[in-house]
$ cat my_file.txt   # compact mmCIF, C-alpha atoms
# COMPACT_ATOMS: atom_id res chain seq x y z
CA MET A 1 51.06 134.31 86.26
CA LEU A 2 49.72 130.75 86.48
CA LYS A 3 52.57 129.53 84.26
CA LYS A 4 55.15 131.01 86.67
CA LYS A 5 53.52 129.26 89.65
CA ILE A 6 53.53 125.92 87.84
CA ILE A 7 57.19 126.28 86.86
CA SER A 8 58.09 127.34 90.39
CA ALA A 9 56.23 124.37 91.89
CA MET A 10 57.97 122.03 89.45
CA GLY A 11 61.35 123.46 90.48
CA VAL A 12 60.63 122.90 94.17
CA GLY A 13 59.48 119.35 93.44
CA PHE A 14 62.59 118.66 91.41
CA LEU A 15 64.87 119.92 94.21
CA ALA A 16 62.98 117.89 96.80
CA GLY A 17 63.44 114.79 94.64
CA LEU A 18 67.16 115.39 94.33
CA LEU A 19 67.46 115.83 98.08
CA ALA A 20 65.61 112.56 98.67
CA LEU A 21 67.94 110.76 96.27
CA ALA A 22 71.02 112.22 97.94
CA THR A 23 69.97 111.39 101.49
CA GLY A 24 67.06 108.99 101.84
CA CYS A 25 67.80 106.47 99.12
CA SER A 26 71.30 105.53 100.17
CA LYS A 27 71.69 101.81 100.69
CA VAL A 28 74.32 102.57 103.33
CA ASN A 29 71.96 102.67 106.29
CA SER A 30 71.35 100.89 109.58
CA ASP A 31 68.43 98.84 108.22
CA ASN A 32 70.59 97.29 105.51
CA TYR A 33 73.53 96.87 107.89
CA ASP A 34 71.27 94.87 110.21
CA LYS A 35 70.44 92.51 107.32
CA ILE A 36 74.08 91.49 106.84
CA LYS A 37 74.81 88.15 108.45
CA ALA A 38 77.97 86.08 108.82
CA GLY A 39 78.17 83.56 106.01
CA MET A 40 76.32 85.68 103.45
CA GLN A 41 77.74 85.31 99.96
CA TYR A 42 79.44 88.31 98.34
CA ASP A 43 76.69 88.36 95.70
CA GLU A 44 74.01 88.55 98.41
CA VAL A 45 75.71 91.52 100.06
CA THR A 46 76.11 93.35 96.76
CA ALA A 47 72.44 92.65 95.97
CA LEU A 48 71.61 94.39 99.25
CA LEU A 49 74.09 97.29 99.13
CA GLY A 50 74.92 97.65 95.44
CA LYS A 51 78.39 97.73 93.94
CA ALA A 52 81.11 98.35 96.54
CA ASP A 53 82.90 101.69 96.43
CA ALA A 54 86.22 99.95 97.15
CA CYS A 55 87.52 96.40 97.58
CA ASN A 56 90.99 95.23 98.56
CA GLY A 57 92.32 91.76 99.11
CA ILE A 58 95.21 90.17 100.94
CA MET A 59 95.91 86.53 101.84
CA GLY A 60 92.48 85.27 100.76
CA ILE A 61 90.53 87.98 102.62
CA LYS A 62 88.61 90.55 100.58
CA SER A 63 87.60 93.77 102.36
CA CYS A 64 84.88 95.84 100.68
CA THR A 65 83.53 99.24 101.67
CA TRP A 66 80.28 100.96 100.73
CA GLY A 67 80.10 104.69 101.47
CA ASP A 68 82.76 107.24 102.39
CA ASP A 69 85.05 108.11 105.33
CA ASP A 70 82.19 109.57 107.40
CA ARG A 71 79.48 106.99 106.69
CA TYR A 72 80.23 103.46 105.58
CA ILE A 73 79.62 99.75 105.80
CA MET A 74 82.70 97.53 105.60
CA VAL A 75 82.48 93.78 105.06
CA ASN A 76 85.37 91.31 105.07
CA PHE A 77 84.94 88.14 103.02
CA ALA A 78 86.78 84.82 103.10
CA ASP A 79 85.96 82.40 100.28
CA ASP A 80 83.32 84.98 99.18
CA LYS A 81 81.45 84.64 102.50
CA ALA A 82 81.02 87.50 104.98
CA ILE A 83 83.05 86.89 108.12
CA VAL A 84 83.42 90.30 109.80
CA PHE A 85 81.54 93.53 109.20
CA SER A 86 81.42 97.00 110.72
CA SER A 87 79.91 100.42 110.13
CA LYS A 88 80.37 104.09 110.93
CA GLY A 89 77.98 107.03 110.92
CA LEU A 90 74.78 105.12 110.23
$ encode --input "my_file.txt" --output "structure tokens"
Amino acid sequence: MLKKKIISAMGVGFLAGLLALATGCSKVNSDNYDKIKAGMQYDEVTALLGKADACNGIMGIKSCTWGDDDRYIMVNFADDKAIVFSSKGL
């Protein structure tokens, strides 16, 4: 009986940990968005947010997005420096 309770408690703890990873540990949040400043180097932004989910470039401007269609941070870079940034769903 005690063994079942321990296994059950471990299962609940494991699920709670997964939920925390899926929701609470995302670097795409308002606190990190507020830390982005114009002029930040690309490397500084990736140190803050991690690897971008997508980057595209045209005419010397690189646009990178972290997140998905519902919740994201988008930063545009010129000469590897942040110039314009926006967010959705934070």
$ atom_distance --input "my_file.txt" --atom1 "atom CA of Ala47 of chain A" --atom2 "atom CA of Gly89 of chain A"
21.5 Å
$ residues_around --input "my_file.txt" --residues "Val84 of chain A" --least-positions-apart "5" --cutoff "8 Å" --atoms "only C-alpha atoms" --output "ChimeraX atom specification"
/A:38,75-77
$ write_last_selection --input "my_file.txt" --atoms "C-alpha atoms" --output "compact mmCIF listing (two decimals), in the coordinates of the input"
# COMPACT_ATOMS: atom_id res chain seq x y z
CA ALA A 38 77.97 86.08 108.82
CA VAL A 75 82.48 93.78 105.06
CA ASN A 76 85.37 91.31 105.07
CA PHE A 77 84.94 88.14 103.02
$ residues_around --input "my_file.txt" --residues "Gly60 of chain A" --least-positions-apart "2" --cutoff "12 Å" --atoms "all atoms listed in the file" --output "list of chain:residue names"
A:Asn56, A:Gly57, A:Ile58, A:Lys62, A:Ser63, A:Asn76, A:Phe77, A:Ala78, A:Asp79, A:Asp80, A:Lys81
$ atom_distance --input "my_file.txt" --atom1 "atom CA of Asp34 of chain A" --atom2 "atom CA of Leu49 of chain A"
11.7 Å
$ atom_distance --input "my_file.txt" --atom1 "atom CA of Asp69 of chain A" --atom2 "atom CA of Ser26 of chain A"
14.9 Å
$ residues_around --input "my_file.txt" --residues "Ser86 of chain A" --least-positions-apart "5" --cutoff "12 Å" --atoms "all atoms listed in the file" --output "ChimeraX atom specification"
/A:28-30,33-34,36-38,63-66,71-76
$ closest_residue --input "my_file.txt" --among "A:Ala82, A:Asp68, A:Met59, A:Leu48" --to "Asp31 of chain A" --atoms "only C-alpha atoms"
A:Leu48
$ closest_residue --input "my_file.txt" --among "A:Ile83, A:Asp70, A:Ile61, A:Lys27" --to "Gln41 of chain A" --atoms "all atoms listed in the file"
A:Ile83
$ build_atoms --input "my_file.txt" --residues "segment 48-63 of chain A" --atoms "N, CA and C atoms" --output "PDB file, keeping the file's coordinate frame"
ATOM      1  N   LEU A  48      72.179  93.550  98.202  1.00  0.00           N
ATOM      2  CA  LEU A  48      71.610  94.390  99.250  1.00  0.00           C
ATOM      3  C   LEU A  48      72.139  95.823  99.192  1.00  0.00           C
ATOM      4  N   LEU A  49      73.463  95.974  99.021  1.00  0.00           N
ATOM      5  CA  LEU A  49      74.090  97.290  99.130  1.00  0.00           C
ATOM      6  C   LEU A  49      74.477  97.916  97.785  1.00  0.00           C
ATOM      7  N   GLY A  50      74.458  97.150  96.727  1.00  0.00           N
ATOM      8  CA  GLY A  50      74.920  97.650  95.440  1.00  0.00           C
ATOM      9  C   GLY A  50      76.410  97.386  95.278  1.00  0.00           C
ATOM     10  N   LYS A  51      76.962  97.921  94.212  1.00  0.00           N
ATOM     11  CA  LYS A  51      78.390  97.730  93.940  1.00  0.00           C
ATOM     12  C   LYS A  51      79.212  98.439  95.018  1.00  0.00           C
ATOM     13  N   ALA A  52      80.243  97.766  95.507  1.00  0.00           N
ATOM     14  CA  ALA A  52      81.110  98.350  96.540  1.00  0.00           C
ATOM     15  C   ALA A  52      81.870  99.547  95.975  1.00  0.00           C
ATOM     16  N   ASP A  53      82.109 100.529  96.839  1.00  0.00           N
ATOM     17  CA  ASP A  53      82.900 101.690  96.430  1.00  0.00           C
ATOM     18  C   ASP A  53      84.381 101.360  96.370  1.00  0.00           C
ATOM     19  N   ALA A  54      84.810 100.370  97.159  1.00  0.00           N
ATOM     20  CA  ALA A  54      86.220  99.950  97.150  1.00  0.00           C
ATOM     21  C   ALA A  54      86.328  98.539  97.683  1.00  0.00           C
ATOM     22  N   CYS A  55      87.212  97.751  97.083  1.00  0.00           N
ATOM     23  CA  CYS A  55      87.520  96.400  97.580  1.00  0.00           C
ATOM     24  C   CYS A  55      89.022  96.194  97.492  1.00  0.00           C
ATOM     25  N   ASN A  56      89.574  95.576  98.524  1.00  0.00           N
ATOM     26  CA  ASN A  56      90.990  95.230  98.560  1.00  0.00           C
ATOM     27  C   ASN A  56      91.105  93.804  99.074  1.00  0.00           C
ATOM     28  N   GLY A  57      92.135  93.127  98.653  1.00  0.00           N
ATOM     29  CA  GLY A  57      92.320  91.760  99.110  1.00  0.00           C
ATOM     30  C   GLY A  57      93.750  91.479  99.510  1.00  0.00           C
ATOM     31  N   ILE A  58      93.888  90.622 100.512  1.00  0.00           N
ATOM     32  CA  ILE A  58      95.210  90.170 100.940  1.00  0.00           C
ATOM     33  C   ILE A  58      95.038  88.806 101.622  1.00  0.00           C
ATOM     34  N   MET A  59      95.870  87.864 101.232  1.00  0.00           N
ATOM     35  CA  MET A  59      95.910  86.530 101.840  1.00  0.00           C
ATOM     36  C   MET A  59      94.538  85.873 101.915  1.00  0.00           C
ATOM     37  N   GLY A  60      93.763  85.958 100.820  1.00  0.00           N
ATOM     38  CA  GLY A  60      92.480  85.270 100.760  1.00  0.00           C
ATOM     39  C   GLY A  60      91.319  86.001 101.428  1.00  0.00           C
ATOM     40  N   ILE A  61      91.581  87.171 101.994  1.00  0.00           N
ATOM     41  CA  ILE A  61      90.530  87.980 102.620  1.00  0.00           C
ATOM     42  C   ILE A  61      90.262  89.186 101.731  1.00  0.00           C
ATOM     43  N   LYS A  62      88.995  89.383 101.377  1.00  0.00           N
ATOM     44  CA  LYS A  62      88.610  90.550 100.580  1.00  0.00           C
ATOM     45  C   LYS A  62      87.833  91.494 101.498  1.00  0.00           C
ATOM     46  N   SER A  63      88.256  92.745 101.546  1.00  0.00           N
ATOM     47  CA  SER A  63      87.600  93.770 102.360  1.00  0.00           C
ATOM     48  C   SER A  63      86.945  94.783 101.432  1.00  0.00           C
TER      49      SER A  63
END
